[in-house]
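Source file: target15.cif (mmCIF, C-alpha atoms)
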```cif
data_run
loop_
_atom_site.label_atom_id
_atom_site.label_comp_id
_atom_site.auth_asym_id
_atom_site.auth_seq_id
_atom_site.Cartn_x
_atom_site.Cartn_y
_atom_site.Cartn_z
CA MET A 712 109.85 128.93 20.49
CA ALA A 713 108.13 126.21 22.52
CA SER A 714 109.50 125.72 26.03
CA LEU A 715 111.16 122.42 26.84
CA PRO A 716 109.23 119.89 28.92
CA THR A 717 110.05 120.35 32.59
CA ASN A 718 112.18 117.24 32.79
CA GLU A 719 114.37 118.55 29.94
CA VAL A 720 115.33 121.81 31.65
CA GLU A 721 119.09 122.01 31.61
CA VAL A 722 120.85 121.71 34.96
CA GLU A 723 123.75 124.07 35.50
CA ALA A 724 127.25 122.61 35.52
CA ARG A 725 128.12 123.55 39.06
CA PRO A 726 127.94 121.69 42.38
CA LEU A 727 124.59 121.79 44.17
CA GLN A 728 124.37 123.83 47.38
CA LEU A 729 121.53 122.19 49.29
CA TYR A 730 122.67 122.07 52.91
CA SER A 731 124.22 124.47 55.39
CA CYS A 732 124.44 124.57 59.18
CA THR A 733 126.41 125.90 62.11
CA VAL A 734 128.90 123.77 64.10
CA ARG A 735 127.17 122.89 67.37
CA PRO A 736 128.96 122.82 70.74
CA GLU A 737 128.21 119.10 71.24
CA TRP A 738 129.99 118.29 67.95
CA VAL A 739 133.36 119.57 69.28
CA ASP A 740 135.78 117.08 70.86
CA TYR A 741 138.59 117.31 73.41
CA ASN A 742 140.90 118.77 70.74
CA GLY A 743 138.57 121.79 70.57
CA HIS A 744 137.55 121.08 66.95
CA LEU A 745 134.67 119.48 65.11
CA ARG A 746 134.97 115.71 65.76
CA ASP A 747 135.62 113.60 62.63
CA ALA A 748 132.27 111.81 62.93
CA TYR A 749 130.35 115.10 62.87
CA TYR A 750 131.93 116.14 59.59
CA GLY A 751 130.35 112.82 58.57
CA LEU A 752 127.00 113.83 60.06
CA ILE A 753 127.04 117.08 58.06
CA PHE A 754 127.77 115.07 54.88
CA SER A 755 124.98 112.63 55.81
CA LEU A 756 122.49 115.48 56.22
CA ALA A 757 123.67 116.89 52.88
CA THR A 758 122.90 113.49 51.33
CA ASP A 759 119.39 113.74 52.81
CA ALA A 760 119.06 117.16 51.14
CA LEU A 761 120.18 115.62 47.83
CA MET A 762 117.51 112.91 48.24
CA ASP A 763 114.89 115.64 48.75
CA HIS A 764 116.21 117.44 45.65
CA LEU A 765 115.93 114.28 43.53
CA GLY A 766 112.37 113.50 44.67
CA LEU A 767 113.19 111.01 47.40
CA ASP A 768 111.94 113.15 50.24
CA ALA A 769 109.51 111.51 52.72
CA ALA A 770 106.58 111.84 50.30
CA GLY A 771 108.61 110.47 47.38
CA ARG A 772 109.92 107.56 49.44
CA ALA A 773 106.35 106.67 50.42
CA ARG A 774 105.03 107.07 46.86
CA HIS A 775 107.80 105.01 45.24
CA GLY A 776 108.24 102.49 48.08
CA GLY A 777 111.98 102.99 48.04
CA THR A 778 114.83 104.77 49.76
CA LEU A 779 118.62 105.09 49.56
CA TYR A 780 121.03 103.16 51.77
CA THR A 781 124.65 104.23 52.18
CA LEU A 782 126.95 101.35 51.24
CA GLU A 783 130.30 103.00 51.69
CA SER A 784 131.91 106.36 52.52
CA HIS A 785 135.29 108.05 52.56
CA ALA A 786 136.38 111.39 53.98
CA CYS A 787 139.50 113.56 54.19
CA TYR A 788 139.65 116.04 57.08
CA LEU A 789 141.60 119.01 55.78
CA LEU A 790 141.12 121.98 58.10
CA GLU A 791 139.97 122.40 61.70
CA LEU A 792 136.50 123.80 62.35
CA HIS A 793 135.40 125.37 65.61
CA GLU A 794 132.10 125.76 67.42
CA GLY A 795 129.83 128.26 65.73
CA ALA A 796 131.46 128.03 62.29
CA ALA A 797 128.91 128.54 59.49
CA VAL A 798 129.42 125.77 56.95
CA ARG A 799 127.82 124.78 53.65
CA VAL A 800 128.14 121.68 51.53
CA HIS A 801 128.81 121.63 47.77
CA THR A 802 127.54 118.38 46.27
CA GLN A 803 128.64 116.82 42.98
CA LEU A 804 127.32 113.65 41.34
CA ILE A 805 130.40 111.71 40.23
CA ALA A 806 128.74 108.69 38.63
CA HIS A 807 125.56 106.63 38.66
CA ASP A 808 124.01 103.48 37.28
CA GLU A 809 120.42 102.24 37.44
CA LYS A 810 120.56 101.61 41.21
CA ARG A 811 123.55 103.48 42.61
CA LEU A 812 124.88 107.02 43.03
CA HIS A 813 128.48 108.00 43.71
CA VAL A 814 128.30 111.41 45.38
CA HIS A 815 131.03 113.85 46.42
CA HIS A 816 130.55 116.50 49.12
CA ALA A 817 132.91 119.39 49.91
CA LEU A 818 132.45 121.21 53.22
CA TRP A 819 133.12 124.94 52.99
CA ALA A 820 133.25 127.42 55.85
CA ASP A 821 132.72 131.13 55.30
CA GLU A 822 136.06 132.13 56.75
CA LEU A 823 138.18 129.55 54.88
CA GLY A 824 139.38 129.73 51.29
CA ALA A 825 139.46 125.96 50.80
CA PRO A 826 137.25 123.02 51.81
CA ALA A 827 137.55 121.97 55.47
CA ALA A 828 136.75 118.39 54.45
CA VAL A 829 135.70 116.34 51.46
CA GLY A 830 133.65 113.19 51.47
CA GLU A 831 132.36 110.59 49.05
CA CYS A 832 129.56 108.11 49.45
CA LEU A 833 128.06 105.26 47.48
CA LEU A 834 124.26 105.12 47.72
CA LEU A 835 122.03 102.21 46.75
CA HIS A 836 118.32 102.38 45.94
CA VAL A 837 116.40 99.83 48.03
CA ALA A 838 112.73 98.83 47.75
CA THR A 839 111.23 98.91 51.23
CA ALA A 840 108.14 96.69 50.78
CA GLY A 841 108.86 93.36 52.50
CA SER A 842 112.54 92.56 52.95
CA PRO A 843 114.75 95.38 51.66
CA ARG A 844 116.15 94.61 48.20
CA ALA A 845 118.24 96.59 45.73
CA THR A 846 116.16 97.82 42.83
CA ALA A 847 116.31 100.33 39.97
CA LEU A 848 115.60 103.98 40.79
CA PRO A 849 111.99 104.96 39.97
CA ALA A 850 111.66 106.71 36.60
CA PRO A 851 111.07 110.30 37.81
CA VAL A 852 114.04 110.06 40.18
CA MET A 853 116.19 108.53 37.44
CA ASP A 854 115.25 111.42 35.14
CA ALA A 855 116.46 113.90 37.74
CA VAL A 856 119.64 111.86 38.35
CA GLN A 857 120.40 111.72 34.64
CA ARG A 858 119.92 115.46 34.16
CA LEU A 859 122.20 116.15 37.12
CA GLY A 860 124.70 113.58 35.85
CA ARG A 861 124.86 115.21 32.40
CA ALA A 862 125.52 118.61 33.98
CA HIS A 863 128.09 117.38 36.50
CA ALA A 864 129.93 115.35 33.85
CA ARG A 865 131.13 118.77 32.61
CA LEU A 866 132.83 119.48 35.97
CA PRO A 867 136.37 118.35 36.75
CA ALA A 868 136.66 115.37 39.12
CA PRO A 869 137.45 116.62 42.65
CA PRO A 870 141.04 115.81 43.63
CA HIS A 871 140.33 113.30 46.42
CA VAL A 872 137.89 111.07 44.50
CA GLY A 873 138.66 107.35 44.63
CA ARG A 874 141.23 107.70 47.39
CA ALA A 875 141.90 104.85 49.88
CA VAL A 876 143.19 105.02 53.47
CA GLY A 877 146.81 103.97 53.89
CA LEU A 878 150.29 105.09 54.87
CA GLN A 879 151.52 104.92 51.27
CA ARG A 880 149.48 107.95 50.38
CA LYS A 881 150.98 108.84 47.02
CA ALA A 882 150.89 105.26 45.79
CA ARG A 883 147.27 104.90 46.88
CA VAL A 884 146.22 108.12 45.19
CA ALA A 885 147.93 107.07 41.98
CA ALA A 886 146.26 103.62 41.99
CA MET B 785 163.82 83.15 84.89
CA ALA B 786 163.79 86.92 85.19
CA SER B 787 160.56 88.57 84.15
CA LEU B 788 160.61 90.76 81.09
CA PRO B 789 160.57 94.54 81.55
CA THR B 790 156.99 95.81 81.47
CA ASN B 791 157.32 97.31 78.02
CA GLU B 792 158.37 93.92 76.64
CA VAL B 793 155.24 92.07 77.76
CA GLU B 794 153.89 90.33 74.72
CA VAL B 795 150.61 91.60 73.31
CA GLU B 796 148.17 88.94 72.16
CA ALA B 797 147.62 88.56 68.43
CA ARG B 798 143.92 89.40 68.45
CA PRO B 799 141.97 92.61 67.86
CA LEU B 800 141.54 94.89 70.86
CA GLN B 801 138.07 95.20 72.36
CA LEU B 802 138.10 98.60 74.01
CA TYR B 803 134.71 100.14 73.25
CA SER B 804 131.09 99.05 73.42
CA CYS B 805 127.78 100.91 73.56
CA THR B 806 124.07 100.67 72.81
CA VAL B 807 122.46 102.25 69.73
CA ARG B 808 120.66 105.36 70.96
CA PRO B 809 117.24 106.45 69.64
CA GLU B 810 118.63 109.77 68.35
CA TRP B 811 121.15 107.87 66.16
CA VAL B 812 118.36 106.23 64.11
CA ASP B 813 117.26 107.89 60.85
CA TYR B 814 114.06 107.91 58.79
CA ASN B 815 114.94 104.45 57.42
CA GLY B 816 114.59 103.10 60.98
CA HIS B 817 118.28 102.13 61.20
CA LEU B 818 121.46 103.52 62.66
CA ARG B 819 122.39 106.52 60.43
CA ASP B 820 125.69 106.14 58.54
CA ALA B 821 127.32 109.02 60.43
CA TYR B 822 126.64 107.35 63.78
CA TYR B 823 128.45 104.19 62.78
CA GLY B 824 131.23 106.76 62.28
CA LEU B 825 130.68 108.20 65.75
CA ILE B 826 131.00 104.73 67.30
CA PHE B 827 134.27 104.21 65.38
CA SER B 828 135.45 107.68 66.50
CA LEU B 829 134.74 106.83 70.15
CA ALA B 830 136.57 103.52 69.66
CA THR B 831 139.56 105.52 68.40
CA ASP B 832 139.39 107.60 71.60
CA ALA B 833 139.48 104.32 73.57
CA LEU B 834 142.54 103.23 71.56
CA MET B 835 144.22 106.55 72.41
CA ASP B 836 143.53 105.91 76.11
CA HIS B 837 144.94 102.39 75.73
CA LEU B 838 148.15 103.70 74.13
CA GLY B 839 148.72 106.37 76.82
CA LEU B 840 147.18 109.32 74.97
CA ASP B 841 144.30 109.79 77.39
CA ALA B 842 143.72 113.32 78.74
CA ALA B 843 146.61 113.02 81.22
CA GLY B 844 148.95 111.62 78.55
CA ARG B 845 148.02 114.30 76.05
CA ALA B 846 148.76 116.98 78.66
CA ARG B 847 152.04 115.34 79.72
CA HIS B 848 153.34 114.83 76.19
CA GLY B 849 151.86 118.02 74.68
CA GLY B 850 150.40 116.06 71.78
CA THR B 851 147.25 114.47 70.45
CA LEU B 852 146.02 112.55 67.40
CA TYR B 853 144.15 114.14 64.49
CA THR B 854 142.13 112.05 62.05
CA LEU B 855 143.36 112.73 58.51
CA GLU B 856 141.16 110.34 56.59
CA SER B 857 138.52 107.65 57.08
CA HIS B 858 136.62 105.00 55.12
CA ALA B 859 133.66 102.83 56.08
CA CYS B 860 131.54 100.05 54.63
CA TYR B 861 128.01 99.70 56.03
CA LEU B 862 127.19 96.01 55.87
CA LEU B 863 124.16 95.26 58.03
CA GLU B 864 121.33 97.32 59.48
CA LEU B 865 121.37 98.12 63.19
CA HIS B 866 118.33 99.15 65.20
CA GLU B 867 117.75 101.21 68.33
CA GLY B 868 118.88 99.41 71.45
CA ALA B 869 121.34 97.08 69.69
CA ALA B 870 124.34 96.27 71.92
CA VAL B 871 127.49 96.76 69.84
CA ARG B 872 131.22 96.40 70.41
CA VAL B 873 134.21 97.42 68.34
CA HIS B 874 137.16 95.17 67.48
CA THR B 875 140.23 97.28 66.71
CA GLN B 876 143.27 96.24 64.71
CA LEU B 877 146.44 98.25 64.02
CA ILE B 878 147.14 97.80 60.31
CA ALA B 879 150.34 99.85 60.01
CA HIS B 880 152.24 102.71 61.58
CA ASP B 881 155.24 104.95 61.12
CA GLU B 882 156.84 107.45 63.49
CA LYS B 883 153.87 109.86 63.32
CA ARG B 884 150.90 107.98 61.89
CA LEU B 885 148.61 105.03 62.69
CA HIS B 886 146.41 103.17 60.21
CA VAL B 887 143.64 101.63 62.31
CA HIS B 888 140.82 99.24 61.37
CA HIS B 889 137.59 98.93 63.36
CA ALA B 890 134.92 96.24 62.98
CA LEU B 891 131.52 96.83 64.58
CA TRP B 892 129.93 93.69 65.98
CA ALA B 893 126.43 93.35 67.41
CA ASP B 894 125.53 90.55 69.79
CA GLU B 895 122.75 89.19 67.59
CA LEU B 896 124.71 89.21 64.31
CA GLY B 897 127.25 86.66 63.13
CA ALA B 898 129.22 89.14 61.01
CA PRO B 899 130.35 92.76 61.38
CA ALA B 900 127.60 95.35 60.85
CA ALA B 901 130.22 97.78 59.54
CA VAL B 902 133.95 98.14 59.11
CA GLY B 903 135.97 101.33 59.17
CA GLU B 904 139.51 102.50 58.69
CA CYS B 905 141.16 105.71 59.78
CA LEU B 906 144.52 107.38 59.38
CA LEU B 907 145.64 109.19 62.53
CA LEU B 908 148.45 111.76 62.78
CA HIS B 909 150.30 112.75 65.95
CA VAL B 910 150.26 116.54 66.37
CA ALA B 911 152.14 118.66 68.92
CA THR B 912 149.70 121.08 70.49
CA ALA B 913 152.04 123.75 71.88
CA GLY B 914 151.73 126.82 69.63
CA SER B 915 150.44 126.10 66.12
CA PRO B 916 149.59 122.42 65.67
CA ARG B 917 152.39 120.57 63.82
CA ALA B 918 152.92 116.93 62.94
CA THR B 919 155.57 115.35 65.13
CA ALA B 920 156.85 111.91 66.13
CA LEU B 921 154.89 109.98 68.74
CA PRO B 922 156.38 110.32 72.24
CA ALA B 923 158.61 107.38 73.21
CA PRO B 924 156.27 105.61 75.70
CA VAL B 925 153.39 105.81 73.24
CA MET B 926 155.62 104.59 70.40
CA ASP B 927 156.66 101.63 72.57
CA ALA B 928 153.01 100.67 73.05
CA VAL B 929 152.29 101.16 69.34
CA GLN B 930 155.22 98.98 68.35
CA ARG B 931 154.21 96.17 70.71
CA LEU B 932 150.67 96.29 69.37
CA GLY B 933 151.97 96.45 65.80
CA ARG B 934 154.15 93.36 66.28
CA ALA B 935 151.16 91.41 67.63
CA HIS B 936 148.70 92.59 65.01
CA ALA B 937 151.17 91.90 62.19
CA ARG B 938 150.37 88.24 62.89
CA LEU B 939 146.67 88.78 62.09
CA PRO B 940 145.29 88.56 58.54
CA ALA B 941 144.44 91.88 56.89
CA PRO B 942 140.68 92.52 57.15
CA PRO B 943 138.98 92.14 53.75
CA HIS B 944 137.93 95.77 53.23
CA VAL B 945 141.29 97.39 53.96
CA GLY B 946 142.48 99.88 51.34
CA ARG B 947 139.15 100.01 49.54
CA ALA B 948 138.02 103.14 47.65
CA VAL B 949 134.49 104.40 46.93
CA GLY B 950 133.36 103.86 43.34
CA LEU B 951 130.88 102.11 41.08
CA GLN B 952 133.58 99.78 39.69
CA ARG B 953 133.68 97.91 42.98
CA LYS B 954 135.59 94.81 41.95
CA ALA B 955 138.21 96.78 40.08
CA ARG B 956 138.68 99.10 43.04
CA VAL B 957 139.05 96.26 45.51
CA ALA B 958 141.59 94.56 43.28
CA ALA B 959 143.65 97.76 42.87
#
```

Let me see whether you can do it: turn the structure in this file into structure tokens.
Amino acid sequence: MASLPTNEVEVEARPLQLYSCTVRPEWVDYNGHLRDAYYGLIFSLATDALMDHLGLDAAGRARHGGTLYTLESHACYLLELHEGAAVRVHTQLIAHDEKRLHVHHALWADELGAPAAVGECLLLHVATAGSPRATALPAPVMDAVQRLGRAHARLPAPPHVGRAVGLQRKARVAA
Amino acid sequence: MASLPTNEVEVEARPLQLYSCTVRPEWVDYNGHLRDAYYGLIFSLATDALMDHLGLDAAGRARHGGTLYTLESHACYLLELHEGAAVRVHTQLIAHDEKRLHVHHALWADELGAPAAVGECLLLHVATAGSPRATALPAPVMDAVQRLGRAHARLPAPPHVGRAVGLQRKARVAA
């Protein structure tokens, strides 16, 4: 049987694991835990790893003349993390269109049985020649996004997706 | 006319300006702009400044045996910021209850006529003796929160409040 063309290889229906690190001492705040913004830095670095995975590493950005900008993000901080904790990010593509990706990250620590935080971001493809302008993803990147999207469409939506900040938490989640 | 007791002094109906800084070189990413997570760090440091303002500085935290944890956050990244940009945060209390604060930050840069980013966070008061547990704000802090809340209730809600990440942006904003 002939093998499939490379860009038709099936992607497994499980979150990507592209980024891991250790909680650094300078990321810990006066409460003795990882500061909220550094959960965000770990998610941001995991988004960089996703860009590399999809062909938008430095070479791909130069070749295609485009990059991703973050438009929006949301995070829930669920468990405390301490200096030295080994953490890894599980990344799931929630949705995409021709220019945008909606990405979900879950931050796992070896010693915890549940995510320490979850985050979402909305990423926009921007052409970098001249003034930055939103533009369609280049074809090879779009191929990779579509294959990942087909695989991740078979995963359940993570529970915090689409959540908004507010005191009326149940009402917001239900909206 | 007798002067009001100190804790009855009226708070002005305008956002607080408690934190400013300059964009550091190590906060800039490969796109040549402030990395998303470092907008978050600036908002996080502005939240620290709000805690100081409300009497939950290091001395207050020790005296009351409590601190604030961030439960959740959301941000919209609106304009690019470059190394060396002088930025300041405008902070508005959106809502509160006996244990929680919903806070909105807007990040302004001197050279821009609109916010470069806006962020929201949900903060929970936690007693730190023994295992951390959610507990009511101590009375002097609650007095300061209530005065600020009465003043900021006279301000319009910022346009991005309550927004959720998603591709269906208009539908989400309307929800």

inquiry  = Please enumerate the residues selected by the PyMOL selection byres ((chain B) within 10 of (chain A)) when evaluated against the supplied file, formatted as an NGL selection string.
reply    = :B and (814-815 or 817 or 819-829 or 832 or 842 or 845 or 850-864 or 878-881 or 884-887 or 901-907 or 912 or 945-951 or 956 or 959)

task = Using only C-alpha atoms, determine which residues lie at most 10 Å from Met926 (chain B), disregarding the query and same-chain residues fewer than 3 positions distant; provide the list as JSON, numbers by chain.
result = {"B": [838, 839, 880, 881, 882, 883, 920, 921, 922, 923, 929, 930, 931, 932]}

For His837 (chain B): contacts at 10 Å, all atoms listed in the file, fewer than 6 positions along chain excluded, given as a PyMOL selection string = chain B and resi 800+802+831+925+928-929

ask   = Hey, can you check how far CA of Glu794 (chain B) sits from CA of Pro940 (chain B)?
value = 18.4 Å

message = Assuming the chain letters and numbering stay as they are in my file, what does the PyMOL selection byres ((chain A and resi 725) around 7) actually select? List them as number ranges by chain.
response = A: 723-724, 726-727, 863, 866

So that I have them on file, write out the residues from the current selection with C-alpha atoms, as a PDB file, keeping the file's coordinate frame.
```pdb
ATOM      1  CA  GLU A 723     123.750 124.070  35.500  1.00  0.00           C
ATOM      2  CA  ALA A 724     127.250 122.610  35.520  1.00  0.00           C
ATOM      3  CA  PRO A 726     127.940 121.690  42.380  1.00  0.00           C
ATOM      4  CA  LEU A 727     124.590 121.790  44.170  1.00  0.00           C
ATOM      5  CA  HIS A 863     128.090 117.380  36.500  1.00  0.00           C
ATOM      6  CA  LEU A 866     132.830 119.480  35.970  1.00  0.00           C
TER       7      LEU A 866
END
```

Report the centre and edge lengths, in Å to one decimal, of an axis-aligned box enclosing every atom of region 868-882 of chain B listed in the file, padded by 6 Å on each side, as JSON.
```
{"center_x": 137.9, "center_y": 101.3, "center_z": 66.0, "size_x": 50.0, "size_y": 24.3, "size_z": 23.9}
```

task = Using CA of Pro924 (chain B) and CA of Ala937 (chain B) as the two end points, give the distance in Å to one decimal.
result = 19.9 Å

ask   = Expressed in Å to a single decimal, how great is the separation between CA of Arg938 (chain B) and CA of Leu834 (chain B)?
value = 19.0 Å

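The residues caught by the PyMOL selection byres ((chain B and resi 867) around 12) in this file are Cys805, Thr806, Val807, Arg808, Pro809, Glu810, Trp811, Val812, Asp813, Asn815, Gly816, His817, Leu818, Arg819, Tyr822, Glu864, Leu865, His866, Gly868, Ala869, Ala870, Val871 and Ala893 of chain B.
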